[in-house]
Amino acid sequence: MRTVLPVSCARERQETMAKLSESEPQLYSYGKVACGILTHVLCVVFTVFITVLAKPGTSLFSWHPFLMTLAFSLFMTEAVLLFSPHCSPIQKLPHKTKRRVHWILQCLCASCATVGLASIFYNKHLNGKPHFASWHGLVGLGTVCVVGVQSLAALPLLYHSLAKGWSLARLKRYHAASGLVTYLLGSVSLLLGICSVWFTGVVGGYTWYLAALCPALSTLVIMSQVSNTYMAKKRLVS
């Protein structure tokens with residue numbers, strides 16, 4: 001039974017995605033592919049844009065926007081898009097491989113976010129400024145903590161022996177729901193950072209609105225991907 005169950009589950013997943021792709025209008029499917037590719041481009045462009053503005057290494061503070069953007073805009077977005085049936089860069093690889101790459105990217109996200117948080121904390125300490133005195137700081141702190149917890153909580157999905165007494169399907173649903181909340185927190189943190197004194201001091205006009213659109217549009221695509229995936233599974237079960 002242990003060897004048959006995973007194969008049957010994988011077969012059911014493939015059949016479900018095949019049925020959904022067949023039932024979707026071709027134009028709708030092309031739209032999903034276009035949105036996925038656009039999200040890949042946006043997260044890279046936004047990360048490069050912040051890197052150019054921050055100039056990491058020129059000051060202690062410069063590491064904070066660079067590492068936080070690298071964590072929440074690039075690593076976290078790409079970690080979720082790995083499971084996209086329309087625009088995953090490793091779409092043809094086994095689901096087990098996707099899970100491991102996803103976890104590695106999430107660990108990179110957590111590491112960059114932790115170092116980014118430490119850099120701004122120490123920078124404020126050196127300059128005698130209060131810590132977590134704004135919504136950006138509070139949401140950012142909460143997001144870093146949630147990302148760490150989310151990465152640790154994913155271990156039972158990689159090593160099923162740690163999930164004794166728990167249904168694997170239920171764990172996946174919980175992980176997807178909490179992961180979506182984590183992604184939303186990361187996006188809100190980025191948007192609040194765009195409203196910070198530092199960013200508004202160097203970027204203004206239409207460029208500011210274009211920069212704000214990057215995490216906002218990426219969030220909409222990720223929300224659609226996660227919700228559609230688990231709604232499809234729910235329809236299959238029913």
# chains A, B, ... in the order shown; residues from 1 in each chain; ligands from 1
>>> residues_around(residues="stretch 59-74 of chain A", least_positions_apart="4", cutoff="9 Å", atoms="only C-alpha atoms", output="MDAnalysis selection string")
chainID A and resid 40 42:44 46:48 50:55 78:79 105:106 108:120 122:124 140 183 186:187 189:190 193 214:215 218
>>> residues_around(residues="A:Ser84", least_positions_apart="6", cutoff="9 Å", atoms="only C-alpha atoms", output="ChimeraX atom specification")
/A:36,91,225-226,229
>>> select_by_dssp(residues="stretch 27-141 of chain A", states="alpha helix (DSSP H)", output="PyMOL selection string")
chain A and resi 27-54+63-69+76-81+95-127+135-141
>>> closest_residue(among="A:Val45, A:Tyr174, A:Leu82, A:Thr182", to="A:Val144", atoms="only C-alpha atoms")
A:Thr182
>>> residues_around(residues="A:Cys195", least_positions_apart="3", cutoff="12 Å", atoms="only C-alpha atoms", output="PDB file with C-alpha atoms, in the first residue's frame")
ATOM      1  CA  SER A 134       6.311  52.369  12.307  1.00  0.00           C
ATOM      2  CA  TRP A 135       3.861  50.015  10.632  1.00  0.00           C
ATOM      3  CA  HIS A 136       6.598  49.062   8.181  1.00  0.00           C
ATOM      4  CA  GLY A 137       8.838  47.951  11.020  1.00  0.00           C
ATOM      5  CA  VAL A 188       2.391  44.474   2.535  1.00  0.00           C
ATOM      6  CA  SER A 189       5.835  44.904   4.067  1.00  0.00           C
ATOM      7  CA  LEU A 190       7.267  45.764   0.638  1.00  0.00           C
ATOM      8  CA  LEU A 191       4.472  48.240  -0.081  1.00  0.00           C
ATOM      9  CA  LEU A 192       4.980  49.910   3.297  1.00  0.00           C
ATOM     10  CA  TRP A 198      14.027  56.647   2.254  1.00  0.00           C
ATOM     11  CA  PHE A 199      12.178  55.420  -0.838  1.00  0.00           C
ATOM     12  CA  THR A 200       9.966  58.480  -1.339  1.00  0.00           C
ATOM     13  CA  GLY A 201      13.081  60.620  -0.972  1.00  0.00           C
ATOM     14  CA  VAL A 202      14.748  59.030  -4.010  1.00  0.00           C
ATOM     15  CA  VAL A 203      11.737  57.969  -6.099  1.00  0.00           C
ATOM     16  CA  GLY A 204       8.709  60.039  -7.025  1.00  0.00           C
ATOM     17  CA  TRP A 208       6.766  55.416  -7.584  1.00  0.00           C
ATOM     18  CA  TYR A 209       3.421  54.124  -8.870  1.00  0.00           C
ATOM     19  CA  ALA A 211       7.279  50.413  -8.407  1.00  0.00           C
ATOM     20  CA  ALA A 212       4.190  49.913  -6.219  1.00  0.00           C
TER      21      ALA A 212
END
>>> residues_around(residues="A:Gly179", least_positions_apart="5", cutoff="9 Å", atoms="only C-alpha atoms", output="list in words")
Val80, Val147, Gln150, Tyr174 and Leu184 of chain A
>>> write_last_selection(atoms="C-alpha atoms", output="mmCIF file, in the first residue's frame")
data_model
loop_
_atom_site.group_PDB
_atom_site.id
_atom_site.type_symbol
_atom_site.label_atom_id
_atom_site.label_comp_id
_atom_site.auth_asym_id
_atom_site.auth_seq_id
_atom_site.Cartn_x
_atom_site.Cartn_y
_atom_site.Cartn_z
ATOM 1 C CA VAL A 80 5.431 29.739 -5.170
ATOM 2 C CA VAL A 147 8.501 33.099 7.335
ATOM 3 C CA GLN A 150 6.450 28.549 7.839
ATOM 4 C CA TYR A 174 -2.848 24.206 5.941
ATOM 5 C CA LEU A 184 0.505 38.701 1.688
#
>>> atom_distance(atom1="atom CA of A:Thr77", atom2="atom CA of A:Ala154")
16.7 Å
